[in-house]
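This is final_35.txt. It holds compact mmCIF, C-alpha atoms and all ligand atoms.
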# COMPACT_ATOMS: atom_id res chain seq x y z
CA MET A 603 101.68 -110.94 101.83
CA ASP A 604 99.99 -107.94 100.25
CA ILE A 605 96.36 -108.53 99.48
CA PRO A 606 94.68 -106.25 96.93
CA GLU A 607 91.87 -103.92 98.00
CA PRO A 608 88.69 -106.00 98.23
CA GLY A 609 86.71 -105.81 94.99
CA ALA A 610 83.15 -104.49 94.80
CA HIS A 611 81.96 -107.99 93.78
CA GLU A 612 82.81 -109.17 97.34
CA GLY A 613 80.00 -107.04 98.76
CA SER A 614 78.77 -103.46 98.91
CA VAL A 615 79.78 -102.92 102.56
CA LEU A 616 83.42 -101.93 103.09
CA VAL A 617 84.83 -102.78 106.51
CA GLU A 618 88.03 -101.93 108.35
CA ALA A 619 89.23 -104.99 110.29
CA ILE A 620 89.46 -104.67 114.06
CA ALA A 621 90.23 -108.24 115.05
CA VAL A 622 90.13 -111.82 113.87
CA GLY A 623 89.88 -114.76 116.26
CA VAL A 624 92.00 -117.86 115.77
CA CYS A 625 90.67 -121.38 116.31
CA GLY A 626 91.60 -125.03 115.78
CA THR A 627 90.20 -124.95 112.24
CA ASP A 628 92.72 -122.22 111.29
CA VAL A 629 95.56 -124.36 112.66
CA GLU A 630 94.34 -127.34 110.64
CA ILE A 631 94.14 -125.22 107.50
CA VAL A 632 97.71 -123.95 108.01
CA GLU A 633 98.86 -127.54 108.53
CA GLY A 634 97.24 -128.47 105.21
CA LYS A 635 94.72 -130.84 106.81
CA TYR A 636 91.56 -128.89 105.97
CA GLY A 637 90.43 -125.91 103.92
CA TRP A 638 90.18 -125.05 100.25
CA ALA A 639 91.52 -122.03 98.32
CA PRO A 640 89.16 -120.25 95.91
CA HIS A 641 89.02 -122.03 92.54
CA GLY A 642 92.02 -121.18 90.38
CA GLN A 643 93.89 -119.42 93.21
CA PRO A 644 97.01 -120.69 94.94
CA HIS A 645 96.15 -119.45 98.43
CA LEU A 646 93.29 -118.87 100.87
CA VAL A 647 93.13 -115.78 103.09
CA LEU A 648 92.35 -117.13 106.56
CA GLY A 649 90.01 -115.68 109.17
CA HIS A 650 86.42 -116.73 109.85
CA GLU A 651 85.97 -115.15 113.31
CA SER A 652 85.74 -111.50 112.36
CA LEU A 653 85.07 -108.08 113.82
CA GLY A 654 85.28 -104.84 111.90
CA ARG A 655 84.09 -101.26 111.64
CA VAL A 656 82.01 -100.12 108.67
CA ILE A 657 83.92 -97.57 106.59
CA ASP A 658 81.43 -97.42 103.72
CA PRO A 659 77.95 -98.90 104.23
CA GLY A 660 77.16 -98.81 100.50
CA PRO A 661 73.76 -97.85 99.07
CA SER A 662 71.34 -100.31 100.69
CA SER A 663 72.69 -102.02 103.82
CA GLY A 664 70.93 -99.99 106.50
CA LEU A 665 74.29 -99.84 108.25
CA LYS A 666 76.06 -96.64 109.23
CA LYS A 667 79.70 -95.64 109.02
CA GLY A 668 81.33 -96.70 112.30
CA ASP A 669 78.95 -99.59 113.06
CA LEU A 670 80.66 -102.70 114.44
CA VAL A 671 79.94 -105.73 112.30
CA VAL A 672 80.83 -109.40 112.13
CA GLY A 673 80.70 -111.38 108.89
CA ILE A 674 78.64 -114.56 108.56
CA VAL A 675 80.97 -117.41 107.55
CA ARG A 676 78.97 -119.73 105.28
CA ARG A 677 77.34 -118.99 101.92
CA PRO A 678 74.61 -121.23 100.44
CA ASP A 679 75.46 -123.65 97.68
CA PRO A 680 74.58 -122.39 94.19
CA VAL A 681 72.24 -125.25 93.23
CA PRO A 682 70.72 -124.61 95.84
CA CYS A 683 69.86 -127.65 97.95
CA PRO A 684 66.51 -127.41 99.77
CA ASN A 685 68.13 -126.29 103.03
CA CYS A 686 70.27 -123.60 101.43
CA ALA A 687 67.19 -122.49 99.47
CA VAL A 688 65.41 -121.68 102.73
CA GLY A 689 68.42 -120.00 104.38
CA GLU A 690 69.55 -123.03 106.35
CA TRP A 691 73.01 -123.09 104.79
CA ASP A 692 74.33 -124.59 108.03
CA MET A 693 72.39 -127.75 107.05
CA CYS A 694 73.59 -127.80 103.41
CA ARG A 695 72.85 -131.19 101.87
CA ASN A 696 75.21 -131.35 98.90
CA GLY A 697 78.45 -130.02 100.40
CA LEU A 698 78.72 -127.29 97.75
CA TYR A 699 78.44 -124.48 100.31
CA THR A 700 81.39 -122.11 100.66
CA GLU A 701 82.88 -120.62 103.85
CA ARG A 702 84.88 -117.44 104.26
CA GLY A 703 88.39 -118.22 105.37
CA ILE A 704 87.76 -121.98 105.21
CA LYS A 705 86.24 -123.17 101.97
CA GLU A 706 86.76 -121.49 98.60
CA ILE A 707 86.23 -117.87 99.63
CA HIS A 708 88.81 -115.63 101.26
CA GLY A 709 88.41 -114.86 104.93
CA PHE A 710 88.57 -111.72 107.00
CA MET A 711 92.29 -111.66 107.84
CA SER A 712 93.07 -108.47 105.93
CA GLU A 713 93.06 -104.80 106.92
CA ARG A 714 89.93 -104.14 104.88
CA TRP A 715 87.27 -106.55 103.70
CA ARG A 716 83.94 -106.36 101.97
CA ILE A 717 80.72 -108.16 102.70
CA GLU A 718 77.24 -108.51 101.25
CA PRO A 719 74.85 -106.51 103.51
CA GLU A 720 72.71 -109.57 104.30
CA TYR A 721 75.75 -111.38 105.69
CA ALA A 722 76.89 -108.55 108.00
CA ILE A 723 75.69 -108.84 111.59
CA LYS A 724 75.65 -105.55 113.47
CA ILE A 725 76.66 -105.99 117.09
CA ASP A 726 75.98 -104.02 120.27
CA PRO A 727 78.68 -101.31 120.10
CA THR A 728 79.35 -101.63 123.84
CA LEU A 729 80.79 -105.09 123.18
CA GLY A 730 83.80 -103.52 121.46
CA ILE A 731 86.50 -106.13 120.81
CA LEU A 732 84.36 -108.79 122.52
CA GLY A 733 82.29 -108.88 119.32
CA VAL A 734 85.01 -111.11 117.88
CA LEU A 735 83.48 -113.90 119.99
CA LEU A 736 80.28 -113.83 117.93
CA GLU A 737 81.27 -116.55 115.45
CA PRO A 738 82.04 -119.23 118.08
CA ALA A 739 78.93 -118.10 119.97
CA SER A 740 76.85 -118.63 116.80
CA VAL A 741 78.06 -122.24 116.55
CA ILE A 742 76.83 -122.77 120.12
CA ALA A 743 73.51 -121.01 119.48
CA LYS A 744 72.88 -123.54 116.71
CA ALA A 745 73.88 -126.49 118.93
CA ILE A 746 71.48 -125.33 121.66
CA GLU A 747 68.68 -124.90 119.14
CA GLN A 748 69.30 -128.47 117.99
CA LEU A 749 68.94 -129.66 121.59
CA GLU A 750 65.71 -127.71 122.02
CA MET A 751 64.22 -128.94 118.75
CA ILE A 752 65.11 -132.58 119.36
CA GLY A 753 63.89 -132.30 122.96
CA ARG A 754 60.42 -131.46 121.66
CA ARG A 755 59.95 -135.03 120.40
CA SER A 756 58.53 -135.89 123.84
CA PHE A 757 57.75 -134.24 127.14
CA TRP A 758 61.22 -133.14 128.24
CA GLU A 759 62.06 -130.92 131.17
CA PRO A 760 65.86 -130.70 131.11
CA ARG A 761 67.56 -129.29 134.17
CA THR A 762 71.16 -130.43 134.14
CA VAL A 763 73.41 -129.64 131.21
CA LEU A 764 76.99 -130.88 130.99
CA VAL A 765 79.50 -129.10 128.78
CA THR A 766 82.68 -131.04 128.01
CA GLY A 767 85.70 -128.83 127.39
CA ALA A 768 86.36 -125.38 128.81
CA GLY A 769 87.90 -123.82 125.72
CA PRO A 770 86.19 -120.83 124.06
CA ILE A 771 83.36 -122.96 122.63
CA GLY A 772 82.76 -124.76 125.94
CA LEU A 773 82.81 -121.55 127.95
CA LEU A 774 80.46 -119.81 125.51
CA ALA A 775 78.20 -122.88 125.72
CA ALA A 776 78.20 -122.65 129.52
CA LEU A 777 77.40 -118.93 129.35
CA SER A 778 74.57 -119.45 126.86
CA VAL A 779 72.96 -122.34 128.74
CA LYS A 780 73.36 -120.55 132.05
CA GLN A 781 71.49 -117.54 130.63
CA SER A 782 68.54 -119.90 130.09
CA GLY A 783 68.59 -120.84 133.77
CA PHE A 784 69.90 -124.43 133.63
CA ASP A 785 72.05 -126.18 136.19
CA VAL A 786 75.31 -126.10 134.24
CA HIS A 787 78.35 -128.35 134.75
CA VAL A 788 81.59 -127.95 132.84
CA LEU A 789 84.23 -130.67 132.67
CA ASP A 790 87.80 -130.09 131.50
CA LYS A 791 91.18 -131.66 132.21
CA THR A 792 92.61 -128.39 133.61
CA GLU A 793 92.53 -128.33 137.41
CA THR A 794 93.42 -124.72 138.21
CA GLY A 795 93.59 -121.32 136.59
CA ALA A 796 91.27 -119.16 134.58
CA LYS A 797 88.97 -121.91 133.26
CA PRO A 798 87.63 -123.17 136.62
CA ASP A 799 87.38 -119.56 137.82
CA LEU A 800 85.38 -118.52 134.75
CA VAL A 801 83.00 -121.46 135.13
CA ARG A 802 82.41 -120.73 138.83
CA ALA A 803 81.93 -117.02 138.10
CA LEU A 804 78.97 -118.01 135.92
CA GLY A 805 77.42 -119.86 138.83
CA ALA A 806 78.15 -123.20 137.13
CA THR A 807 79.98 -126.22 138.59
CA TYR A 808 83.46 -127.19 137.44
CA HIS A 809 84.72 -130.79 137.24
CA SER A 810 88.20 -131.97 136.31
CA GLY A 811 87.74 -135.75 136.58
CA SER A 812 86.20 -138.06 134.02
CA VAL A 813 82.64 -137.95 132.70
CA ALA A 814 82.16 -141.57 133.84
CA GLU A 815 82.77 -140.54 137.48
CA LEU A 816 80.30 -137.66 137.58
CA PRO A 817 77.75 -138.19 140.36
CA PHE A 818 74.73 -137.32 138.19
CA GLU A 819 73.20 -138.13 134.80
CA PRO A 820 72.99 -135.03 132.61
CA ASP A 821 69.80 -134.33 130.66
CA ALA A 822 71.85 -132.85 127.83
CA ILE A 823 75.54 -132.82 127.00
CA ILE A 824 77.24 -130.29 124.73
CA GLU A 825 80.48 -131.93 123.69
CA CYS A 826 83.09 -129.33 122.76
CA THR A 827 86.36 -131.30 122.54
CA GLY A 828 86.08 -134.00 119.88
CA VAL A 829 88.00 -136.31 122.25
CA GLY A 830 86.92 -139.93 121.73
CA GLN A 831 87.05 -140.94 125.38
CA LEU A 832 84.84 -138.03 126.46
CA ILE A 833 82.34 -138.85 123.74
CA SER A 834 82.21 -142.51 124.63
CA ASP A 835 81.91 -141.74 128.37
CA SER A 836 79.16 -139.23 127.56
CA ILE A 837 77.17 -141.92 125.75
CA GLY A 838 77.39 -144.04 128.90
CA LYS A 839 76.46 -141.18 131.21
CA ILE A 840 73.60 -139.32 129.53
CA GLY A 841 70.26 -139.63 131.30
CA ALA A 842 67.15 -141.29 129.87
CA ASN A 843 65.70 -139.30 126.92
CA GLY A 844 68.90 -137.26 127.03
CA ILE A 845 70.60 -135.64 124.04
CA ILE A 846 74.32 -135.38 123.32
CA CYS A 847 75.23 -132.63 120.88
CA LEU A 848 78.69 -133.04 119.37
CA THR A 849 80.37 -129.79 118.29
CA GLY A 850 84.06 -130.75 118.45
CA ILE A 851 86.03 -132.43 115.70
CA GLY A 852 88.78 -134.75 116.89
CA HIS A 853 91.12 -137.35 115.53
CA GLY A 854 90.56 -140.75 117.09
CA GLY A 855 92.99 -141.07 119.96
CA ALA A 856 93.15 -143.83 122.56
CA VAL A 857 89.57 -144.80 123.43
CA ARG A 858 88.50 -147.78 125.47
CA LYS A 859 86.55 -149.86 123.01
CA THR A 860 82.79 -149.28 122.96
CA SER A 861 81.16 -151.37 120.28
CA THR A 862 78.66 -149.75 117.96
CA ALA A 863 76.07 -152.33 119.03
CA ASP A 864 76.55 -151.26 122.69
CA VAL A 865 76.13 -147.61 121.75
CA ALA A 866 72.97 -148.54 119.88
CA ALA A 867 71.66 -150.63 122.78
CA ALA A 868 72.25 -147.83 125.31
CA SER A 869 70.61 -145.29 123.00
CA VAL A 870 67.62 -147.51 122.21
CA LEU A 871 66.90 -148.52 125.79
CA ARG A 872 67.02 -144.91 127.04
CA ASN A 873 65.76 -143.00 123.97
CA ASN A 874 69.04 -141.13 123.67
CA VAL A 875 70.01 -138.94 120.74
CA ILE A 876 73.54 -138.24 119.59
CA VAL A 877 73.56 -135.35 117.15
CA GLY A 878 76.35 -133.56 115.32
CA SER A 879 76.11 -129.81 114.82
CA VAL A 880 78.22 -127.55 112.59
CA ASN A 881 78.17 -123.92 111.57
CA ALA A 882 75.21 -121.53 112.03
CA ASN A 883 72.53 -119.76 110.04
CA LYS A 884 71.33 -116.19 110.42
CA ARG A 885 68.87 -117.04 113.17
CA HIS A 886 71.73 -118.45 115.26
CA TRP A 887 73.94 -115.43 114.61
CA TYR A 888 71.10 -113.19 115.77
CA LYS A 889 70.58 -115.25 118.94
CA ALA A 890 74.32 -115.34 119.63
CA ALA A 891 74.51 -111.55 119.32
CA GLN A 892 71.79 -111.31 121.98
CA ILE A 893 73.63 -113.70 124.28
CA LEU A 894 76.85 -111.70 124.01
CA ALA A 895 74.99 -108.40 124.46
CA ASN A 896 73.42 -109.74 127.69
CA ALA A 897 76.69 -111.15 129.05
CA ASP A 898 78.89 -109.60 131.69
CA ARG A 899 81.62 -107.70 129.82
CA ALA A 900 84.31 -108.37 132.45
CA TRP A 901 83.61 -112.13 132.22
CA LEU A 902 83.66 -112.13 128.41
CA SER A 903 86.89 -110.14 128.31
CA LYS A 904 88.67 -112.88 130.26
CA LEU A 905 88.05 -115.25 127.34
CA ILE A 906 90.42 -113.23 125.16
CA THR A 907 93.73 -114.22 126.72
CA ARG A 908 96.14 -113.00 124.03
CA ARG A 909 96.13 -110.33 121.35
CA GLU A 910 98.74 -110.57 118.63
CA LYS A 911 99.70 -108.13 115.88
CA PRO A 912 99.00 -109.26 112.28
CA GLU A 913 102.74 -109.63 111.62
CA ASN A 914 102.93 -112.16 114.48
CA PHE A 915 100.17 -114.36 113.14
CA MET A 916 102.32 -117.50 113.35
CA SER A 917 102.62 -116.97 117.08
CA ALA A 918 98.84 -116.50 117.25
CA LEU A 919 98.47 -119.98 115.77
CA GLU A 920 100.64 -121.58 118.46
CA ARG A 921 98.77 -123.02 121.42
CA LYS A 922 100.09 -121.81 124.77
CA PRO A 923 98.97 -123.43 128.05
CA ASP A 924 96.93 -120.47 129.34
CA ASP A 925 95.30 -119.61 126.02
CA ILE A 926 91.55 -119.49 125.78
CA LYS A 927 90.84 -117.29 122.75
CA VAL A 928 93.73 -115.69 120.86
CA VAL A 929 92.90 -112.82 118.53
CA ILE A 930 94.88 -110.97 115.90
CA GLN A 931 94.19 -107.29 116.36
CA PHE A 932 94.32 -105.10 113.27
CA SER A 933 93.16 -101.77 114.73
CA ALA A 934 91.85 -100.24 117.97
CA VAL A 935 88.12 -100.47 118.62
C1 LIG B 1 83.62 -122.93 111.95
C2 LIG B 1 82.33 -123.25 111.25
C3 LIG B 1 82.58 -124.11 110.05
C4 LIG B 1 83.38 -125.34 110.45
C5 LIG B 1 83.65 -126.28 109.31
C6 LIG B 1 84.42 -124.18 112.21
O1 LIG B 1 85.65 -123.83 112.74
O2 LIG B 1 83.38 -122.28 113.16
O3 LIG B 1 81.67 -122.07 110.88
O4 LIG B 1 81.37 -124.48 109.46
O5 LIG B 1 84.59 -124.92 111.02
O6 LIG B 1 84.33 -125.71 108.23

Take the structure I supplied and represent it as structure tokens, if you would.
Amino acid sequence: MDIPEPGAHEGSVLVEAIAVGVCGTDVEIVEGKYGWAPHGQPHLVLGHESLGRVIDPGPSSGLKKGDLVVGIVRRPDPVPCPNCAVGEWDMCRNGLYTERGIKEIHGFMSERWRIEPEYAIKIDPTLGILGVLLEPASVIAKAIEQLEMIGRRSFWEPRTVLVTGAGPIGLLAALSVKQSGFDVHVLDKTETGAKPDLVRALGATYHSGSVAELPFEPDAIIECTGVGQLISDSIGKIGANGIICLTGIGHGGAVRKTSTADVAAASVLRNNVIVGSVNANKRHWYKAAQILANADRAWLSKLITRREKPENFMSALERKPDDIKVVIQFSAV
């Protein structure tokens, strides 16, 4: 459909879209299971994983024409709650936050979009199209910060980190944790192909069995699938004082029964923490931009396995077996 030129009220920075990444949340929105259109409007423009080129920086952004930028997804609630008031909109307490392309504000899936200068993150220009990975990387930067902050409750010297799931989030988690020098293990059901190769290229270890069978107890687990069985096995496997950070959102599925009292007993006796983590604030976007800037470009480029034209967006939403990250490309970098 034709979308009108973005209005000045959407932000003083005018951006030409380069690419928009597609993720499970977009599929859920299209299926009508999640997402909210802006009040009084019949539709929501999708797209929360953005990358664009500044066409008009406006009067006060500090940006220049041609800069590559990515738009922050979440906006603070208008009340605001204490967390939104201090810029921690990722921890919004009252649920009245909005999210571009997800909740009540249009996303970035249009040829031109506008953004408020304080929500535009300038990326290293040498990243080019790889900058579209910044949004998923920001979600991981927050998850890792959660692990670090919770770890500080006691003396904690984590060495072994397990990442469950080798999709884009899992692989970006492995990259980020590896950059901090940890012994990284990634577990996914895929046995061959790009995913194991990408994990090994990072210097991390790839596993395709079950979490329960792993021959070690991880100090931290970053769960990136939302699959019930993996979560329940992770609770049984995490080492003493270990932390499991859940980033995936799943839908039940067949799980061998673990009673809540057993989960509690295991967590109590070994001081374990299970923490959920969603979204990211500006600090996490900044850290994620550093992680991408420091990453090997050839490795990152293998994460983008398919580029579709905007007119083929329905095909971009379909999951194909070899897909890691699919992007819709609006213009050349
Ligand atoms: C996005 C987050 C968002 C979450 C919930 C995820 O796909 O990456 O930014 O907060 O969905 O709406």

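With all atoms listed in the file counted, the chains near ligand LIG 1 (chain B) contribute these residues within 6 Å: Thr627, Val675, Ile704, Pro738, Val880 and Asn881 of chain A.
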
Point-to-point distance from atom CA of A:Pro640 to atom CA of A:Arg909, Å rounded to tenths: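 Answer for the atom CA of A:Pro640 to atom CA of A:Arg909 separation: 28.2 Å.
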
Out of A:Leu800, A:Cys686, A:Ala639, A:Leu616, which residue has the shortest atom-to-atom distance to A:Gly660 when counting all atoms listed in the file?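 Looking only at the distances to A:Gly660, the closest residue turns out to be A:Leu616.
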
Of the candidates A:Ala776, A:Ile620, A:Ile605, A:Leu732, which one gets nearest to A:Thr907 if we count only C-alpha atoms? A:Leu732

Write out as a tab-separated table the residues of stretch 670-718 of chain A that have any atom within 6 Å of an atom of stretch 649-652 of chain A, one row each with the nearest atom pair and its distance in Å to one decimal, counting all atoms listed in the file, sorted by chain and then rising number.
residue	atom	partner	partner_atom	distance
A:Val672	CA	A:Ser652	CA	5.3
A:Val675	CA	A:His650	CA	6.0
A:Arg702	CA	A:His650	CA	5.8
A:Gly703	CA	A:Gly649	CA	4.8
A:Gly709	CA	A:Gly649	CA	4.6
A:Phe710	CA	A:Gly649	CA	4.7
A:Met711	CA	A:Gly649	CA	4.8

Atom CA of A:Gly654 and atom CA of A:Glu701, how far apart in Å? 17.9 Å

Compute the distance from (78.7, -120.1, 127.5) to each atom, counting all atoms listed in the file, keep the residues with any atom at most 12 Å away, and return them as a ChimeraX atom specification; use the coordinates of the file. /A:735-736,738-743,745-746,763-784,786-788,797,800-806,824,826,890,893-894,896-898,901-902,905

Nearest to A:Thr792 by atom-to-atom distance, counting all atoms listed in the file, from A:Ile926, A:Val935, A:Ile725, A:Leu698: A:Ile926

Nearest residue to A:Leu646 out of A:Glu630, A:Glu706, A:Asp604, A:Glu720, using only C-alpha atoms? A:Glu706

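Note that the spacing between atom CA of A:Gln931 and atom CA of A:Asp692 amounts to 27.6 Å.
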
At a cut-off of 7 Å, using only C-alpha atoms, what residues contact A:Pro678? Leave out same-chain residues fewer than 6 positions from it and give the result as a PDB file with C-alpha atoms, in the coordinates of the input.
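File result07.pdb, as written:
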ATOM      1  CA  CYS A 686      70.270-123.600 101.430  1.00  0.00           C
ATOM      2  CA  TRP A 691      73.010-123.090 104.790  1.00  0.00           C
ATOM      3  CA  TYR A 699      78.440-124.480 100.310  1.00  0.00           C
ATOM      4  CA  THR A 700      81.390-122.110 100.660  1.00  0.00           C
TER       5      THR A 700
END

Counting all atoms listed in the file, the option among A:Met916, A:Lys635, A:Arg885, A:Lys791 closest to A:Glu690: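 Nearest to A:Glu690: A:Arg885.
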
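Among the candidates A:Val870, A:Ala796, A:Ala722, A:Leu919, the one nearest to A:Gly673 when counting all atoms listed in the file is A:Ala722.
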
Neighbourhood query: residues within 10 Å of (94.5, -108.2, 109.5), file coordinates, counting only C-alpha atoms; return as a ChimeraX atom specification. /A:618-622,648-649,652,710-715,911-913,915,930-933

Using only C-alpha atoms, which protein or nucleic acid residues come within 9 Å of A:Ile823? Drop anything in the same chain fewer than 2 positions from it, and give the result as JSON, numbers by chain. {"A": [762, 763, 764, 765, 766, 820, 821, 825, 836, 840, 844, 845, 846, 847, 848]}

Exercise: A:Arg872 partners within 8 Å, all atoms listed in the file, chain neighbours under 3 positions left out, as a ChimeraX atom specification: /A:841-844,868-869

Once all heavy atoms are restored for stretch 824-833 of chain A, what would the output be as a CSV table (one decimal), keeping the file's coordinate frame?
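Dumped everything to out_21.csv:
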chain,number,residue,atom,x,y,z
A,824,ILE,N,76.7,-131.0,125.9
A,824,ILE,CA,77.2,-130.3,124.7
A,824,ILE,C,78.7,-130.6,124.7
A,824,ILE,O,79.5,-130.2,125.6
A,824,ILE,CB,77.0,-128.8,124.8
A,824,ILE,CG1,75.5,-128.5,125.0
A,824,ILE,CG2,77.5,-128.1,123.5
A,824,ILE,CD1,75.2,-127.0,125.2
A,825,GLU,N,79.1,-131.4,123.8
A,825,GLU,CA,80.5,-131.9,123.7
A,825,GLU,C,81.3,-131.0,122.8
A,825,GLU,O,81.0,-130.8,121.7
A,825,GLU,CB,80.5,-133.3,123.1
A,825,GLU,CG,81.6,-134.2,123.5
A,825,GLU,CD,83.0,-133.7,123.1
A,825,GLU,OE1,83.2,-133.5,121.9
A,825,GLU,OE2,83.8,-133.5,124.0
A,826,CYS,N,82.3,-130.4,123.4
A,826,CYS,CA,83.1,-129.3,122.8
A,826,CYS,C,84.6,-129.7,122.6
A,826,CYS,O,85.4,-128.8,122.5
A,826,CYS,CB,83.0,-128.0,123.5
A,826,CYS,SG,81.3,-127.5,123.8
A,827,THR,N,84.9,-131.0,122.6
A,827,THR,CA,86.4,-131.3,122.5
A,827,THR,C,86.7,-132.2,121.3
A,827,THR,O,87.8,-132.1,120.8
A,827,THR,CB,86.8,-132.1,123.8
A,827,THR,OG1,86.2,-133.4,123.8
A,827,THR,CG2,86.5,-131.3,125.1
A,828,GLY,N,85.8,-133.0,120.9
A,828,GLY,CA,86.1,-134.0,119.9
A,828,GLY,C,86.9,-135.2,120.4
A,828,GLY,O,87.4,-136.0,119.6
A,829,VAL,N,87.2,-135.2,121.7
A,829,VAL,CA,88.0,-136.3,122.2
A,829,VAL,C,87.2,-137.6,122.4
A,829,VAL,O,86.1,-137.6,123.1
A,829,VAL,CB,88.6,-135.9,123.6
A,829,VAL,CG1,89.3,-137.0,124.3
A,829,VAL,CG2,89.5,-134.7,123.4
A,830,GLY,N,87.7,-138.7,121.8
A,830,GLY,CA,86.9,-139.9,121.7
A,830,GLY,C,86.5,-140.4,123.1
A,830,GLY,O,85.3,-140.9,123.3
A,831,GLN,N,87.4,-140.4,124.1
A,831,GLN,CA,87.0,-140.9,125.4
A,831,GLN,C,85.9,-140.2,126.0
A,831,GLN,O,85.0,-140.8,126.6
A,831,GLN,CB,88.3,-140.9,126.3
A,831,GLN,CG,88.1,-141.7,127.6
A,831,GLN,CD,87.9,-143.2,127.3
A,831,GLN,OE1,88.8,-143.8,126.7
A,831,GLN,NE2,86.8,-143.7,127.7
A,832,LEU,N,85.9,-138.8,125.9
A,832,LEU,CA,84.8,-138.0,126.5
A,832,LEU,C,83.5,-138.3,125.8
A,832,LEU,O,82.5,-138.4,126.4
A,832,LEU,CB,85.2,-136.5,126.3
A,832,LEU,CG,86.2,-136.0,127.2
A,832,LEU,CD1,86.5,-134.5,126.9
A,832,LEU,CD2,85.7,-136.0,128.7
A,833,ILE,N,83.6,-138.6,124.5
A,833,ILE,CA,82.3,-138.8,123.7
A,833,ILE,C,81.8,-140.2,124.2
A,833,ILE,O,80.6,-140.3,124.5
A,833,ILE,CB,82.6,-138.8,122.2
A,833,ILE,CG1,83.0,-137.4,121.8
A,833,ILE,CG2,81.3,-139.2,121.4
A,833,ILE,CD1,83.6,-137.3,120.4
